[in-house]
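S.K.: This is the structure I want to talk about, given as structure tokens.
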Amino acid sequence: MRLYSLLIISTLVVLGIADGDDDNKNYNVTNRPFPKGFKFGVATAAYQIEGAWNIDGKGPQMWDDFFHETPSRAFDGSNGDIAVDSYHLYKEDIRCMEEVGVDYYRLSLSWARILPDGTTDNINQLGVDYYIKVFEALEAKGIKTMVTIYHWDLPSALHSKGGWLNPDIINWFADYAELCYKLFGKYADSWITINEPKQICHGGYGIGAYAPGIVSNGIKDYICAKNVLLAHAKAWRIWDEKYRKVYGAKNTLVIDSDWYEPSTNSKEDAIASDTKLQFVHGMYGNPVVNGNWPDVMIKNVADLSRKQGFNESRLPAFTEEEQKLLKGRIQPIMLTLKITSCIIAGTYDFFALNHYTTYMVKARTQEILTVSWDDDSKVDIYQKSEDIWKPAAIDWFRIVPWGFGKLLRWMRKTYGNIEIVITENGVSDKTGILKDQTRIDFLRNYMSHMLDAIHEADVNVTAYTLWTIMDNFEWTLGYIGKSGLYYVNRTDPALPRIPKDSAKYYSKIIKTKCLIDDCLNE
Ligand code: BGC
């Protein structure tokens, strides 16, 4: 039955009528409205949109070097030197956001634009002014802000000192983050310290597909992960202790996670699915909630490291002090008007989730001793080639709306009733066509499964951020991957932003709080 479902998924997923359950029942988009107060936004990242890579005092960052040194690292040989020139055209971006009617804009700050050599010894006032102009323009239009302090673009000067592998980065990042709080605290409605540690560490220091291109799977990606988590925790604690009372905004870390669907109903595959999720989401989620790696990671990596002949686990342990830092402050709670107990608050104010796709997962029957993060989970994952969505710009991009709902339910079960903000979700294609019905179907079906999880499983999702407002520089996909609500005509030097049908659809959802033409009254 499961196999049968899989075979027909490929033709059904784009319409969103496939379901991972055994009965493969038809799925109807929900007619329930979004909860009251639910917020909608769009997201971008500095390197993907700003351009102006060496203008007005900005220093180089490691993605500049990554593509300048080896242009073929981007599929189309391009880079983000100009991107969509938001450094000069940010008012155009904001006009698009106003047209769509978003509540907030998730944008990132370029570390090397603010601090060209990465340190607070040398502040680039023109870079600071740029962000103030953007914030003021947003404020004038009533658009709130979600500000990401770090979206992958490490100043080259810090990379040359070891980057995310050097524990000094915990202080370098904390200093930079504190400066951002001071400079932009009055403009930020919420803060994200770091975007997607998995991509930073596994992509950049594990498989090396991302900057800085270091290949050390299962070793250096773990060192990076530890430093990223501690850098986040330190920056979060600074916010919590010194700036929260002044500005009030919430602050957290963005974790990206796919859904991992057990490939059979067996107990082994259910455990394999949970284990994989612990290696993907729990690797970052558990430390910021509970102060340590998930138990299954500690156990698996220690076991395999021993069998592989390492003297100690490849997964670096957190000291007691570090665990305390990650666990955040002790928070008194009031019981019957007396302070009788304490809870550990963790270093997050809400969970920020980026989600795109789903994999199948199977328990491994034979041990594999290759040194890698992937093999440390002791499971096999796959996507059936016929299930890959053909117009997608990225090979792994399979449209599986129900995976989104299942991931949200898993998070509710694993971490409890924590507020969740979707900080990225969207779909890329290679075409950039204006009649992008596929993107509309994607949004409708993904959001429908999210709403089901909210209404049926009491998952506390309070906001949804669509990736992205306009087609932009999609990292190693260059300009081939187009995910925007607006098409950018790159052959026109003015880089005009032109609305696709999906911009109108998203705008309608925001107005009506409903995914279809008519929703139930709440
Ligand atoms: C990243 C974005 C990227 C998006 C789409 C996320 O992993 O945060 O920068 O453009 O995925 O691929």
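Chain labels follow the order of the structure tokens: the first chain is A, the next B, and so on; residue numbering restarts at 1 in every chain, and ligands are counted from 1 in their shown order.
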Show me, as a Markdown table, the residues of chain A having an atom within 9 Å of ligand 1, each with the closest atom pair and its distance in Å, using only C-alpha atoms and all ligand atoms.

M.R.:
| residue | atom | partner | partner_atom_place_in_ligand_line | distance |
| --- | --- | --- | --- | --- |
| A:Ala43 | CA | ligand 1 | 2 (C) | 8.6 |
| A:Thr44 | CA | ligand 1 | 9 (O) | 7.0 |
| A:Ala45 | CA | ligand 1 | 9 (O) | 6.1 |
| A:Tyr47 | CA | ligand 1 | 9 (O) | 8.7 |
| A:Gln48 | CA | ligand 1 | 9 (O) | 7.2 |
| A:His151 | CA | ligand 1 | 8 (O) | 7.1 |
| A:Trp152 | CA | ligand 1 | 9 (O) | 8.3 |
| A:Asn195 | CA | ligand 1 | 8 (O) | 6.3 |
| A:Glu196 | CA | ligand 1 | 8 (O) | 6.3 |
| A:Gln199 | CA | ligand 1 | 7 (O) | 6.9 |
| A:Val254 | CA | ligand 1 | 8 (O) | 8.8 |
| A:Asp256 | CA | ligand 1 | 7 (O) | 7.0 |
| A:Asn354 | CA | ligand 1 | 6 (C) | 7.0 |
| A:His355 | CA | ligand 1 | 7 (O) | 8.3 |
| A:Tyr356 | CA | ligand 1 | 11 (O) | 7.8 |
| A:Ile394 | CA | ligand 1 | 12 (O) | 8.3 |
| A:Thr423 | CA | ligand 1 | 8 (O) | 8.9 |
| A:Glu424 | CA | ligand 1 | 6 (C) | 7.1 |
| A:Asn425 | CA | ligand 1 | 4 (C) | 8.1 |
| A:Gly426 | CA | ligand 1 | 5 (C) | 7.5 |
| A:Val427 | CA | ligand 1 | 5 (C) | 7.6 |
| A:Ser428 | CA | ligand 1 | 5 (C) | 7.4 |
| A:Trp467 | CA | ligand 1 | 4 (C) | 6.8 |
| A:Thr468 | CA | ligand 1 | 10 (O) | 7.9 |
| A:Asn472 | CA | ligand 1 | 10 (O) | 8.2 |
| A:Phe473 | CA | ligand 1 | 10 (O) | 7.6 |
| A:Glu474 | CA | ligand 1 | 10 (O) | 5.2 |
| A:Trp475 | CA | ligand 1 | 10 (O) | 6.8 |
| A:Leu477 | CA | ligand 1 | 12 (O) | 8.7 |
| A:Gly481 | CA | ligand 1 | 12 (O) | 8.0 |
| A:Ser483 | CA | ligand 1 | 5 (C) | 7.5 |

S.K.: As a ChimeraX atom specification, please: every residue in region 178-382 of chain A that DSSP puts in alpha helix (DSSP H).

M.R.: /A:178-184,197-198,220-238,244-247,267-277,283-290,295-307,320-327,373-376

S.K.: Between A:Cys519, A:His88, A:Gln61, A:Ile132, which residue has the minimum interatomic distance to Leu154 (chain A), considering only C-alpha atoms?

M.R.: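 Comparing A:Cys519, A:His88, A:Gln61, A:Ile132 against Leu154 (chain A), the winner is A:Gln61.
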
S.K.: Per DSSP on the backbone, filter region 150-223 of chain A down to the residues in strand (DSSP E or B) and report them as a list in words.

M.R.: Tyr150, Pro155, Ser190, Trp191, Ile192, Thr193, Ile194 and Asn195 of chain A

S.K.: Skip region 170-182 of chain A itself and residues of its chain fewer than 3 positions away, then list as a PyMOL selection string all residues within 10 Å of it, counting only C-alpha atoms.

M.R.: chain A and resi 109+111+114-115+118-120+123+128+147-150+154+158+163-164+166-167+185-188+191+193-194+226-239+242-244+247

S.K.: So, counting only C-alpha atoms, which residue among A:Lys198, A:Lys141, A:Lys250, A:Lys430 is closest to Phe350 (chain A)?

M.R.: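 Of all the options, A:Lys250 lies closest to Phe350 (chain A).
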
S.K.: Between CA of Pro496 (chain A) and CA of Leu126 (chain A), what is the distance, to one decimal in Å?

M.R.: 25.1 Å

S.K.: Just the residues within 10 Å of Thr414 (chain A), please, counting only C-alpha atoms, with nothing from its chain fewer than 2 positions along; format it as an mmCIF file with N, CA, C and O atoms, in the first residue's frame.

M.R.:
data_model
loop_
_atom_site.group_PDB
_atom_site.id
_atom_site.type_symbol
_atom_site.label_atom_id
_atom_site.label_comp_id
_atom_site.auth_asym_id
_atom_site.auth_seq_id
_atom_site.Cartn_x
_atom_site.Cartn_y
_atom_site.Cartn_z
ATOM 1 N N ASP A 274 12.471 9.478 13.410
ATOM 2 C CA ASP A 274 12.720 10.373 14.547
ATOM 3 C C ASP A 274 14.225 10.658 14.703
ATOM 4 O O ASP A 274 14.636 11.791 14.963
ATOM 5 N N GLN A 278 16.148 14.174 14.600
ATOM 6 C CA GLN A 278 17.013 14.641 15.683
ATOM 7 C C GLN A 278 18.356 15.118 15.131
ATOM 8 O O GLN A 278 18.934 16.077 15.635
ATOM 9 N N GLY A 282 16.820 18.462 15.661
ATOM 10 C CA GLY A 282 17.217 18.360 17.074
ATOM 11 C C GLY A 282 18.658 18.788 17.318
ATOM 12 O O GLY A 282 18.995 19.274 18.398
ATOM 13 N N GLY A 285 17.927 22.348 17.679
ATOM 14 C CA GLY A 285 16.768 22.635 18.534
ATOM 15 C C GLY A 285 17.013 22.194 19.963
ATOM 16 O O GLY A 285 16.716 22.929 20.909
ATOM 17 N N ASN A 286 17.551 20.987 20.134
ATOM 18 C CA ASN A 286 17.730 20.481 21.492
ATOM 19 C C ASN A 286 18.722 21.332 22.302
ATOM 20 O O ASN A 286 18.450 21.670 23.454
ATOM 21 N N LEU A 408 5.456 19.967 11.510
ATOM 22 C CA LEU A 408 4.939 20.845 12.574
ATOM 23 C C LEU A 408 4.377 20.024 13.736
ATOM 24 O O LEU A 408 4.583 20.349 14.905
ATOM 25 N N ARG A 409 3.702 18.930 13.406
ATOM 26 C CA ARG A 409 3.156 18.072 14.475
ATOM 27 C C ARG A 409 4.299 17.413 15.257
ATOM 28 O O ARG A 409 4.227 17.256 16.470
ATOM 29 N N TRP A 410 5.350 17.026 14.533
ATOM 30 C CA TRP A 410 6.515 16.424 15.204
ATOM 31 C C TRP A 410 7.152 17.440 16.161
ATOM 32 O O TRP A 410 7.526 17.113 17.294
ATOM 33 N N MET A 411 7.235 18.687 15.726
ATOM 34 C CA MET A 411 7.834 19.714 16.601
ATOM 35 C C MET A 411 6.987 19.913 17.859
ATOM 36 O O MET A 411 7.510 20.062 18.960
ATOM 37 N N ARG A 412 5.675 19.889 17.700
ATOM 38 C CA ARG A 412 4.765 20.048 18.848
ATOM 39 C C ARG A 412 4.982 18.899 19.834
ATOM 40 O O ARG A 412 5.020 19.099 21.045
ATOM 41 N N GLY A 416 7.000 20.436 22.744
ATOM 42 C CA GLY A 416 5.886 20.998 23.507
ATOM 43 C C GLY A 416 5.270 22.194 22.805
ATOM 44 O O GLY A 416 5.561 22.472 21.632
ATOM 45 N N ASN A 417 4.470 22.931 23.554
ATOM 46 C CA ASN A 417 3.686 23.998 22.929
ATOM 47 C C ASN A 417 4.480 25.305 22.801
ATOM 48 O O ASN A 417 4.187 26.290 23.459
#

S.K.: Excluding His68 (chain A) and its own-chain neighbours fewer than 4 positions away, which residues fall within 10 Å of it when counting only C-alpha atoms? Please give them as a ChimeraX atom specification.

M.R.: /A:62-64,72-73,77-81

S.K.: Expressed in Å to a single decimal, how great is the separation between CA of Thr462 (chain A) and CA of Arg106 (chain A)?

M.R.: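 Result for CA of Thr462 (chain A) versus CA of Arg106 (chain A): 14.8 Å, one decimal.
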
S.K.: List the spatial neighbours of Lys220 (chain A) as a ChimeraX atom specification - criterion: any atom at most 12 Å away, only C-alpha atoms, same-chain residues fewer than 4 positions off excluded.

M.R.: /A:162-166,200-208,213-216,224-227,314-316,371-373
